[in-house]
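**Student:** One structure, pasted below without further comment.
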Amino acid sequence: MRPLIFAANWKMHCGPTEARAFLDAFLVEHAPAPGREVWFFAPAVSVATVAAGLRGRAAVRTGVQNVYWEQTGAFTGETSVPMAADAGATAALVGHSERRHVFGETIEETGRKVRAVLAGGLIPVLCVGEKLDERERGDTIAVVEGQLDAVRGLDPQALSRLVIAYEPVWAIGTGRNATPHDAAEVHAAIRHHLAAVGAPADRVPILYGGSVKPGNATELVAEAEIDGVLVGGASLDPASWFAIVQAGRD
Ligand code: PEP
């Protein structure tokens with residue numbers, strides 16, 4: 001049984017002071033429910049604050065939004081996996097579309113990062129997704145499969161620790177989102193491809209991301225193939241985030 005994961009990606013928002021205030025507001029309302037997890041991908045400078053704020057809470061996790069694959073050294077501005085872990089991160093986003101398209105991160109680099117995250121004992125959340133022109137050309141599955149090449153060659157045990165986030169680039173921060181049915185179709189193709197590269201694919205959670213809001217979260221997580229959501233903009237307000245993590249609860 002895969003957990004249902006609600007993951008907040010705060011992007012370049014919420015320094016330590018704001019992060020603390022966010023958690024104070026959110027945790028007053030939040031009550032954990034069986035089979036559901038709430039994850040926070042904070043900027044690196046806020047990871048320790050978030051980890052401290054969540055300490056002792058059930059079914060929550062602190063993550064970092066990006067890491068470098070080297071452990072230490074002359075890489076000014078970068079955060080290594082051991083450093084993120086020391087600050088309290090137990091998961092890391094890899095290959096978010098903003099990393100790929102704003103910072104030019106390649107598939108080869110995402111592969112190195114996934115391996116470094118696994119080697120450091122953290123959970124990699126590998127983000128994949130097509131651009132609008134790629135979707136319009138009918139290339140969605142080919143693009144996503146190409147991005148999944150980052151995990152080719154990992155052994156089944158390592159592959160079983162992966163989380164995938166399908167985030168169509170045209171849906172991120174735009175207010176446009178894939179229909180639950182369209183997203184579920186891509187999720188099924190991702191699962192199929194993971195099985196083909198040797199992953200225990202039925203154990204790998206696949207999240208959807210792209211303009212998820214309180215108003216559409218329930219129909220998304222109702223799809224059997226959608227194991228949760230990765231949420232940017234709507235995770236920045238404690239009330240809206242609380243409404244999203246309640247999605248589908250009676
Ligand atoms: C994201 O940052 O991963 C994301 C999906 O952003 P938004 O929810 O704002 O589209």
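Going by the structure tokens order, chains are called A, B, ..., each with residues numbered from 1, while ligands are numbered from 1 in the order shown.
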Enumerate residues in contact with ligand 1: an atom-to-atom distance of at most 9 Å, counting only C-alpha atoms and all ligand atoms. Format the result as an mmCIF file with all heavy atoms, in the first residue's frame.

**Tutor:**
```cif
data_model
loop_
_atom_site.group_PDB
_atom_site.id
_atom_site.type_symbol
_atom_site.label_atom_id
_atom_site.label_comp_id
_atom_site.auth_asym_id
_atom_site.auth_seq_id
_atom_site.Cartn_x
_atom_site.Cartn_y
_atom_site.Cartn_z
ATOM 1 N N ALA A 7 3.047 17.145 -0.445
ATOM 2 C CA ALA A 7 4.380 17.746 -0.337
ATOM 3 C C ALA A 7 4.321 19.221 -0.734
ATOM 4 O O ALA A 7 3.839 19.558 -1.821
ATOM 5 C CB ALA A 7 5.363 16.988 -1.225
ATOM 6 N N ALA A 8 4.797 20.052 0.171
ATOM 7 C CA ALA A 8 4.864 21.497 -0.096
ATOM 8 C C ALA A 8 6.241 21.827 -0.654
ATOM 9 O O ALA A 8 7.251 21.411 -0.084
ATOM 10 C CB ALA A 8 4.636 22.267 1.202
ATOM 11 N N ASN A 9 6.270 22.561 -1.761
ATOM 12 C CA ASN A 9 7.538 23.087 -2.268
ATOM 13 C C ASN A 9 7.477 24.600 -2.130
ATOM 14 O O ASN A 9 6.794 25.267 -2.898
ATOM 15 C CB ASN A 9 7.724 22.696 -3.743
ATOM 16 C CG ASN A 9 8.941 23.395 -4.349
ATOM 17 O OD1 ASN A 9 9.832 23.837 -3.625
ATOM 18 N ND2 ASN A 9 8.971 23.508 -5.669
ATOM 19 N N TRP A 10 8.191 25.112 -1.130
ATOM 20 C CA TRP A 10 8.113 26.553 -0.846
ATOM 21 C C TRP A 10 8.946 27.387 -1.815
ATOM 22 O O TRP A 10 8.945 28.604 -1.725
ATOM 23 C CB TRP A 10 8.551 26.818 0.593
ATOM 24 C CG TRP A 10 7.527 26.406 1.617
ATOM 25 C CD1 TRP A 10 6.207 26.096 1.394
ATOM 26 C CD2 TRP A 10 7.721 26.291 3.038
ATOM 27 N NE1 TRP A 10 5.582 25.802 2.569
ATOM 28 C CE2 TRP A 10 6.483 25.904 3.602
ATOM 29 C CE3 TRP A 10 8.817 26.472 3.879
ATOM 30 C CZ2 TRP A 10 6.320 25.711 4.973
ATOM 31 C CZ3 TRP A 10 8.652 26.264 5.243
ATOM 32 C CH2 TRP A 10 7.417 25.888 5.776
ATOM 33 N N LYS A 11 9.669 26.741 -2.713
ATOM 34 C CA LYS A 11 10.536 27.456 -3.659
ATOM 35 C C LYS A 11 11.393 28.474 -2.892
ATOM 36 O O LYS A 11 11.793 28.196 -1.768
ATOM 37 C CB LYS A 11 9.700 28.135 -4.743
ATOM 38 C CG LYS A 11 8.677 27.191 -5.388
ATOM 39 C CD LYS A 11 8.124 27.750 -6.647
ATOM 40 C CE LYS A 11 6.940 26.933 -7.099
ATOM 41 N NZ LYS A 11 6.871 26.740 -8.525
ATOM 42 N N HIS A 96 13.642 19.464 -10.222
ATOM 43 C CA HIS A 96 12.441 20.300 -10.369
ATOM 44 C C HIS A 96 12.558 21.085 -11.677
ATOM 45 O O HIS A 96 13.659 21.452 -12.091
ATOM 46 C CB HIS A 96 12.326 21.248 -9.172
ATOM 47 C CG HIS A 96 11.033 21.999 -9.163
ATOM 48 N ND1 HIS A 96 10.845 23.140 -9.898
ATOM 49 C CD2 HIS A 96 9.850 21.744 -8.542
ATOM 50 C CE1 HIS A 96 9.594 23.568 -9.718
ATOM 51 N NE2 HIS A 96 8.985 22.738 -8.904
ATOM 52 N N SER A 97 11.431 21.366 -12.309
ATOM 53 C CA SER A 97 11.498 22.007 -13.640
ATOM 54 C C SER A 97 12.228 23.344 -13.580
ATOM 55 O O SER A 97 12.862 23.755 -14.548
ATOM 56 C CB SER A 97 10.105 22.173 -14.239
ATOM 57 O OG SER A 97 9.434 23.205 -13.573
ATOM 58 N N GLU A 98 12.159 24.027 -12.425
ATOM 59 C CA GLU A 98 12.907 25.296 -12.332
ATOM 60 C C GLU A 98 14.412 25.039 -12.296
ATOM 61 O O GLU A 98 15.197 25.842 -12.803
ATOM 62 C CB GLU A 98 12.409 26.095 -11.118
ATOM 63 C CG GLU A 98 11.018 26.665 -11.391
ATOM 64 C CD GLU A 98 10.092 26.737 -10.193
ATOM 65 O OE1 GLU A 98 10.572 26.747 -9.048
ATOM 66 O OE2 GLU A 98 8.859 26.761 -10.414
ATOM 67 N N CYS A 127 11.621 14.891 -10.035
ATOM 68 C CA CYS A 127 10.542 15.592 -10.740
ATOM 69 C C CYS A 127 10.746 15.438 -12.242
ATOM 70 O O CYS A 127 11.862 15.625 -12.748
ATOM 71 C CB CYS A 127 10.558 17.081 -10.391
ATOM 72 S SG CYS A 127 10.435 17.401 -8.619
ATOM 73 N N ALA A 165 7.721 12.746 -8.976
ATOM 74 C CA ALA A 165 6.669 13.775 -9.074
ATOM 75 C C ALA A 165 6.497 14.116 -10.548
ATOM 76 O O ALA A 165 7.463 14.559 -11.193
ATOM 77 C CB ALA A 165 7.059 15.013 -8.280
ATOM 78 N N GLU A 167 5.239 16.614 -13.007
ATOM 79 C CA GLU A 167 4.866 18.020 -12.992
ATOM 80 C C GLU A 167 4.973 18.580 -14.407
ATOM 81 O O GLU A 167 6.074 18.975 -14.832
ATOM 82 C CB GLU A 167 5.800 18.804 -12.076
ATOM 83 C CG GLU A 167 5.779 18.345 -10.640
ATOM 84 C CD GLU A 167 6.187 19.462 -9.692
ATOM 85 O OE1 GLU A 167 7.305 19.979 -9.826
ATOM 86 O OE2 GLU A 167 5.377 19.829 -8.863
ATOM 87 N N PRO A 168 3.855 18.587 -15.156
ATOM 88 C CA PRO A 168 3.928 19.180 -16.495
ATOM 89 C C PRO A 168 4.346 20.652 -16.380
ATOM 90 O O PRO A 168 3.762 21.398 -15.597
ATOM 91 C CB PRO A 168 2.505 19.034 -17.034
ATOM 92 C CG PRO A 168 1.644 18.603 -15.896
ATOM 93 C CD PRO A 168 2.528 18.127 -14.794
ATOM 94 N N VAL A 169 5.372 21.052 -17.122
ATOM 95 C CA VAL A 169 5.954 22.388 -16.942
ATOM 96 C C VAL A 169 4.906 23.467 -17.211
ATOM 97 O O VAL A 169 4.862 24.494 -16.535
ATOM 98 C CB VAL A 169 7.181 22.561 -17.868
ATOM 99 C CG1 VAL A 169 7.802 23.942 -17.705
ATOM 100 C CG2 VAL A 169 8.224 21.493 -17.567
ATOM 101 N N TRP A 170 4.016 23.216 -18.175
ATOM 102 C CA TRP A 170 3.004 24.213 -18.542
ATOM 103 C C TRP A 170 1.959 24.406 -17.440
ATOM 104 O O TRP A 170 1.142 25.325 -17.511
ATOM 105 C CB TRP A 170 2.319 23.812 -19.858
ATOM 106 C CG TRP A 170 1.879 22.374 -19.893
ATOM 107 C CD1 TRP A 170 2.604 21.304 -20.325
ATOM 108 C CD2 TRP A 170 0.631 21.846 -19.422
ATOM 109 N NE1 TRP A 170 1.889 20.135 -20.166
ATOM 110 C CE2 TRP A 170 0.678 20.450 -19.622
ATOM 111 C CE3 TRP A 170 -0.521 22.411 -18.866
ATOM 112 C CZ2 TRP A 170 -0.388 19.612 -19.271
ATOM 113 C CZ3 TRP A 170 -1.571 21.570 -18.525
ATOM 114 C CH2 TRP A 170 -1.493 20.193 -18.729
ATOM 115 N N ALA A 171 1.986 23.539 -16.424
ATOM 116 C CA ALA A 171 0.995 23.632 -15.344
ATOM 117 C C ALA A 171 1.582 24.245 -14.080
ATOM 118 O O ALA A 171 0.850 24.508 -13.130
ATOM 119 C CB ALA A 171 0.439 22.245 -15.032
ATOM 120 N N ILE A 172 2.902 24.476 -14.061
ATOM 121 C CA ILE A 172 3.529 24.930 -12.811
ATOM 122 C C ILE A 172 3.413 26.443 -12.684
ATOM 123 O O ILE A 172 3.932 27.188 -13.519
ATOM 124 C CB ILE A 172 4.998 24.476 -12.741
ATOM 125 C CG1 ILE A 172 5.044 22.944 -12.730
ATOM 126 C CG2 ILE A 172 5.675 25.041 -11.510
ATOM 127 C CD1 ILE A 172 6.436 22.377 -12.662
ATOM 128 N N GLY A 173 2.687 26.869 -11.665
ATOM 129 C CA GLY A 173 2.551 28.292 -11.372
ATOM 130 C C GLY A 173 1.735 29.052 -12.398
ATOM 131 O O GLY A 173 1.764 30.282 -12.437
ATOM 132 N N THR A 174 0.993 28.343 -13.245
ATOM 133 C CA THR A 174 0.272 29.007 -14.339
ATOM 134 C C THR A 174 -1.231 29.064 -14.102
ATOM 135 O O THR A 174 -1.945 29.739 -14.836
ATOM 136 C CB THR A 174 0.482 28.232 -15.658
ATOM 137 O OG1 THR A 174 0.015 26.888 -15.471
ATOM 138 C CG2 THR A 174 1.946 28.211 -16.062
ATOM 139 N N GLY A 175 -1.730 28.299 -13.139
ATOM 140 C CA GLY A 175 -3.172 28.210 -12.937
ATOM 141 C C GLY A 175 -3.800 27.157 -13.845
ATOM 142 O O GLY A 175 -4.970 26.823 -13.691
ATOM 143 N N ARG A 176 -3.050 26.621 -14.808
ATOM 144 C CA ARG A 176 -3.564 25.539 -15.665
ATOM 145 C C ARG A 176 -3.110 24.222 -15.057
ATOM 146 O O ARG A 176 -1.960 24.087 -14.678
ATOM 147 C CB ARG A 176 -2.941 25.614 -17.061
ATOM 148 C CG ARG A 176 -3.323 26.811 -17.857
ATOM 149 C CD ARG A 176 -2.661 26.748 -19.214
ATOM 150 N NE ARG A 176 -3.081 25.549 -19.963
ATOM 151 C CZ ARG A 176 -2.602 25.238 -21.161
ATOM 152 N NH1 ARG A 176 -1.667 25.979 -21.733
ATOM 153 N NH2 ARG A 176 -3.033 24.169 -21.788
ATOM 154 N N ASN A 177 -3.984 23.267 -14.976
ATOM 155 C CA ASN A 177 -3.491 21.974 -14.498
ATOM 156 C C ASN A 177 -3.991 20.853 -15.377
ATOM 157 O O ASN A 177 -4.988 20.990 -16.076
ATOM 158 C CB ASN A 177 -3.807 21.727 -13.014
ATOM 159 C CG ASN A 177 -5.283 21.680 -12.740
ATOM 160 O OD1 ASN A 177 -6.041 22.439 -13.310
ATOM 161 N ND2 ASN A 177 -5.669 20.782 -11.891
ATOM 162 N N TYR A 208 1.499 14.145 -8.246
ATOM 163 C CA TYR A 208 1.212 15.099 -9.329
ATOM 164 C C TYR A 208 1.499 16.505 -8.811
ATOM 165 O O TYR A 208 1.168 16.833 -7.663
ATOM 166 C CB TYR A 208 -0.265 15.019 -9.791
ATOM 167 C CG TYR A 208 -0.588 16.178 -10.693
ATOM 168 C CD1 TYR A 208 -0.181 16.167 -12.032
ATOM 169 C CD2 TYR A 208 -1.203 17.335 -10.198
ATOM 170 C CE1 TYR A 208 -0.392 17.271 -12.847
ATOM 171 C CE2 TYR A 208 -1.419 18.435 -11.010
ATOM 172 C CZ TYR A 208 -1.006 18.397 -12.329
ATOM 173 O OH TYR A 208 -1.196 19.496 -13.131
ATOM 174 N N GLY A 209 2.079 17.336 -9.664
ATOM 175 C CA GLY A 209 2.283 18.741 -9.302
ATOM 176 C C GLY A 209 1.981 19.644 -10.478
ATOM 177 O O GLY A 209 2.232 19.288 -11.637
ATOM 178 N N GLY A 210 1.462 20.817 -10.185
ATOM 179 C CA GLY A 210 1.147 21.802 -11.235
ATOM 180 C C GLY A 210 -0.184 22.451 -10.925
ATOM 181 O O GLY A 210 -1.234 21.874 -11.183
ATOM 182 N N SER A 211 -0.117 23.637 -10.283
ATOM 183 C CA SER A 211 -1.321 24.419 -9.964
ATOM 184 C C SER A 211 -2.354 23.628 -9.163
ATOM 185 O O SER A 211 -3.552 23.738 -9.405
ATOM 186 C CB SER A 211 -1.934 25.002 -11.247
ATOM 187 O OG SER A 211 -1.038 25.942 -11.820
ATOM 188 N N VAL A 212 -1.856 22.829 -8.216
ATOM 189 C CA VAL A 212 -2.781 22.165 -7.289
ATOM 190 C C VAL A 212 -3.272 23.211 -6.288
ATOM 191 O O VAL A 212 -2.493 24.018 -5.787
ATOM 192 C CB VAL A 212 -2.092 20.995 -6.554
ATOM 193 C CG1 VAL A 212 -3.026 20.388 -5.504
ATOM 194 C CG2 VAL A 212 -1.640 19.933 -7.550
ATOM 195 N N LYS A 213 -4.577 23.188 -6.042
ATOM 196 C CA LYS A 213 -5.217 24.167 -5.146
ATOM 197 C C LYS A 213 -6.199 23.403 -4.248
ATOM 198 O O LYS A 213 -6.536 22.250 -4.538
ATOM 199 C CB LYS A 213 -6.030 25.179 -5.966
ATOM 200 C CG LYS A 213 -5.268 25.873 -7.087
ATOM 201 C CD LYS A 213 -4.634 27.157 -6.588
ATOM 202 C CE LYS A 213 -3.951 27.923 -7.703
ATOM 203 N NZ LYS A 213 -2.548 27.629 -7.874
ATOM 204 N N VAL A 229 0.351 14.883 -3.956
ATOM 205 C CA VAL A 229 0.570 16.104 -4.736
ATOM 206 C C VAL A 229 1.827 16.828 -4.258
ATOM 207 O O VAL A 229 2.188 16.755 -3.078
ATOM 208 C CB VAL A 229 -0.662 17.041 -4.630
ATOM 209 C CG1 VAL A 229 -1.822 16.501 -5.466
ATOM 210 C CG2 VAL A 229 -1.112 17.250 -3.184
ATOM 211 N N LEU A 230 2.478 17.505 -5.195
ATOM 212 C CA LEU A 230 3.595 18.404 -4.885
ATOM 213 C C LEU A 230 3.093 19.800 -5.233
ATOM 214 O O LEU A 230 2.696 20.048 -6.371
ATOM 215 C CB LEU A 230 4.827 18.021 -5.718
ATOM 216 C CG LEU A 230 6.075 18.896 -5.553
ATOM 217 C CD1 LEU A 230 6.549 18.927 -4.101
ATOM 218 C CD2 LEU A 230 7.220 18.362 -6.434
ATOM 219 N N VAL A 231 3.108 20.677 -4.250
ATOM 220 C CA VAL A 231 2.379 21.940 -4.378
ATOM 221 C C VAL A 231 3.308 23.123 -4.120
ATOM 222 O O VAL A 231 3.975 23.180 -3.092
ATOM 223 C CB VAL A 231 1.212 21.983 -3.363
ATOM 224 C CG1 VAL A 231 0.372 23.235 -3.577
ATOM 225 C CG2 VAL A 231 0.349 20.732 -3.486
ATOM 226 N N GLY A 232 3.347 24.055 -5.076
ATOM 227 C CA GLY A 232 4.154 25.255 -4.908
ATOM 228 C C GLY A 232 3.322 26.377 -4.294
ATOM 229 O O GLY A 232 3.135 26.449 -3.080
ATOM 230 N N GLY A 233 2.779 27.237 -5.155
ATOM 231 C CA GLY A 233 2.098 28.466 -4.714
ATOM 232 C C GLY A 233 1.097 28.260 -3.588
ATOM 233 O O GLY A 233 1.099 29.006 -2.601
ATOM 234 N N ALA A 234 0.244 27.254 -3.729
ATOM 235 C CA ALA A 234 -0.836 27.086 -2.747
ATOM 236 C C ALA A 234 -0.351 26.478 -1.432
ATOM 237 O O ALA A 234 -1.143 26.295 -0.502
ATOM 238 C CB ALA A 234 -1.962 26.233 -3.346
ATOM 239 N N SER A 235 0.952 26.167 -1.356
ATOM 240 C CA SER A 235 1.468 25.652 -0.072
ATOM 241 C C SER A 235 2.050 26.773 0.773
ATOM 242 O O SER A 235 2.564 26.529 1.865
ATOM 243 C CB SER A 235 2.558 24.590 -0.318
ATOM 244 O OG SER A 235 3.757 25.188 -0.776
#
```

**Student:** Region 104-111 of chain A: which residues within 6 Å, counting only C-alpha atoms, same-chain residues fewer than 2 positions away excluded, as a PyMOL selection string?

**Tutor:** chain A and resi 95+99-102+113-114+147+150

**Student:** Kindly save the residues from that selection, with C-alpha atoms included, as a PDB file, in the first residue's frame.

**Tutor:**
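Output file selection-v6.pdb follows:
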```pdb
ATOM      1  CA  GLY A  95      15.268  17.892 -11.148  1.00  0.00           C
ATOM      2  CA  ARG A  99      16.251  23.557 -11.788  1.00  0.00           C
ATOM      3  CA  ARG A 100      16.109  22.148 -15.308  1.00  0.00           C
ATOM      4  CA  HIS A 101      14.809  25.200 -17.159  1.00  0.00           C
ATOM      5  CA  VAL A 102      16.062  28.175 -15.120  1.00  0.00           C
ATOM      6  CA  LYS A 113      21.985  13.911  -7.645  1.00  0.00           C
ATOM      7  CA  VAL A 114      19.589  10.970  -7.264  1.00  0.00           C
ATOM      8  CA  GLN A 147      14.043  12.193 -17.792  1.00  0.00           C
ATOM      9  CA  ALA A 150      18.352   9.474 -14.520  1.00  0.00           C
TER      10      ALA A 150
END
```

**Student:** Determine, counting only C-alpha atoms, which protein, DNA and RNA residues have an atom within 12 Å of an atom of Arg112 (chain A); residues of the same chain fewer than 3 positions away are not included. Present the result as a list in words.

**Tutor:**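 So the residues in contact are Val67, Tyr68, Trp69, Glu70, Gln71, Val81, Val94, Gly95, Glu105, Thr106, Ile107, Glu108, Glu109, Arg115, Ala116, Val117, Leu118, Ala119, Pro124, Leu126, Asp149, Ala150, Val151, Arg152, Gly153 and Leu154 of chain A.
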
**Student:** One decimal, in Å: what's the spacing between CA of Val125 (chain A) and CA of Pro156 (chain A)?

**Tutor:**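 Between these atoms lies a distance of 16.2 Å.
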
**Student:** Just list as a list in words whatever in region 135-232 of chain A DSSP marks as strand (DSSP E).

**Tutor:**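 Put together, the selection reads Val163, Ile164, Ala165, Tyr166, Ile206, Leu207, Tyr208, Gly209, Gly228, Val229, Leu230 and Val231 of chain A.
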
**Student:** Let me see the file: selected residues, all heavy atoms, as a short mmCIF file (atom, residue, chain, number, x, y, z; two decimals), in the first residue's frame.

**Tutor:**
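Saved result, result03.cif, follows:
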```
data_model
loop_
_atom_site.label_atom_id
_atom_site.label_comp_id
_atom_site.auth_asym_id
_atom_site.auth_seq_id
_atom_site.Cartn_x
_atom_site.Cartn_y
_atom_site.Cartn_z
N VAL A 163 10.77 8.40 -4.98
CA VAL A 163 9.44 8.99 -5.19
C VAL A 163 9.56 9.78 -6.49
O VAL A 163 10.59 10.41 -6.75
CB VAL A 163 9.05 9.93 -4.02
CG1 VAL A 163 7.74 10.65 -4.32
CG2 VAL A 163 8.94 9.15 -2.71
N ILE A 164 8.53 9.72 -7.32
CA ILE A 164 8.51 10.48 -8.57
C ILE A 164 7.43 11.56 -8.45
O ILE A 164 6.36 11.31 -7.88
CB ILE A 164 8.19 9.57 -9.79
CG1 ILE A 164 9.17 8.39 -9.87
CG2 ILE A 164 8.16 10.38 -11.08
CD1 ILE A 164 10.60 8.74 -10.22
N ALA A 165 7.72 12.75 -8.98
CA ALA A 165 6.67 13.77 -9.07
C ALA A 165 6.50 14.12 -10.55
O ALA A 165 7.46 14.56 -11.19
CB ALA A 165 7.06 15.01 -8.28
N TYR A 166 5.30 13.86 -11.08
CA TYR A 166 5.01 14.27 -12.46
C TYR A 166 4.47 15.69 -12.42
O TYR A 166 3.41 15.95 -11.85
CB TYR A 166 3.98 13.34 -13.10
CG TYR A 166 3.46 13.90 -14.41
CD1 TYR A 166 4.36 14.25 -15.44
CD2 TYR A 166 2.11 14.12 -14.61
CE1 TYR A 166 3.89 14.80 -16.62
CE2 TYR A 166 1.65 14.66 -15.80
CZ TYR A 166 2.54 15.00 -16.80
OH TYR A 166 2.09 15.57 -17.97
N ILE A 206 3.94 8.08 -6.86
CA ILE A 206 4.04 9.05 -7.96
C ILE A 206 3.08 10.19 -7.65
O ILE A 206 1.86 10.01 -7.58
CB ILE A 206 3.71 8.42 -9.33
CG1 ILE A 206 4.60 7.18 -9.57
CG2 ILE A 206 3.91 9.45 -10.45
CD1 ILE A 206 4.31 6.45 -10.88
N LEU A 207 3.66 11.37 -7.41
CA LEU A 207 2.87 12.55 -7.05
C LEU A 207 2.56 13.36 -8.31
O LEU A 207 3.31 13.31 -9.28
CB LEU A 207 3.65 13.44 -6.07
CG LEU A 207 4.39 12.74 -4.92
CD1 LEU A 207 5.02 13.79 -4.00
CD2 LEU A 207 3.44 11.85 -4.14
N TYR A 208 1.50 14.15 -8.25
CA TYR A 208 1.21 15.10 -9.33
C TYR A 208 1.50 16.50 -8.81
O TYR A 208 1.17 16.83 -7.66
CB TYR A 208 -0.26 15.02 -9.79
CG TYR A 208 -0.59 16.18 -10.69
CD1 TYR A 208 -0.18 16.17 -12.03
CD2 TYR A 208 -1.20 17.33 -10.20
CE1 TYR A 208 -0.39 17.27 -12.85
CE2 TYR A 208 -1.42 18.43 -11.01
CZ TYR A 208 -1.01 18.40 -12.33
OH TYR A 208 -1.20 19.50 -13.13
N GLY A 209 2.08 17.34 -9.66
CA GLY A 209 2.28 18.74 -9.30
C GLY A 209 1.98 19.64 -10.48
O GLY A 209 2.23 19.29 -11.64
N GLY A 228 -0.47 11.38 -4.41
CA GLY A 228 -0.28 12.59 -3.64
C GLY A 228 0.03 13.75 -4.56
O GLY A 228 -0.03 13.62 -5.79
N VAL A 229 0.35 14.88 -3.96
CA VAL A 229 0.57 16.10 -4.74
C VAL A 229 1.83 16.83 -4.26
O VAL A 229 2.19 16.76 -3.08
CB VAL A 229 -0.66 17.04 -4.63
CG1 VAL A 229 -1.82 16.50 -5.47
CG2 VAL A 229 -1.11 17.25 -3.18
N LEU A 230 2.48 17.51 -5.19
CA LEU A 230 3.60 18.40 -4.88
C LEU A 230 3.09 19.80 -5.23
O LEU A 230 2.70 20.05 -6.37
CB LEU A 230 4.83 18.02 -5.72
CG LEU A 230 6.07 18.90 -5.55
CD1 LEU A 230 6.55 18.93 -4.10
CD2 LEU A 230 7.22 18.36 -6.43
N VAL A 231 3.11 20.68 -4.25
CA VAL A 231 2.38 21.94 -4.38
C VAL A 231 3.31 23.12 -4.12
O VAL A 231 3.98 23.18 -3.09
CB VAL A 231 1.21 21.98 -3.36
CG1 VAL A 231 0.37 23.24 -3.58
CG2 VAL A 231 0.35 20.73 -3.49
#
```
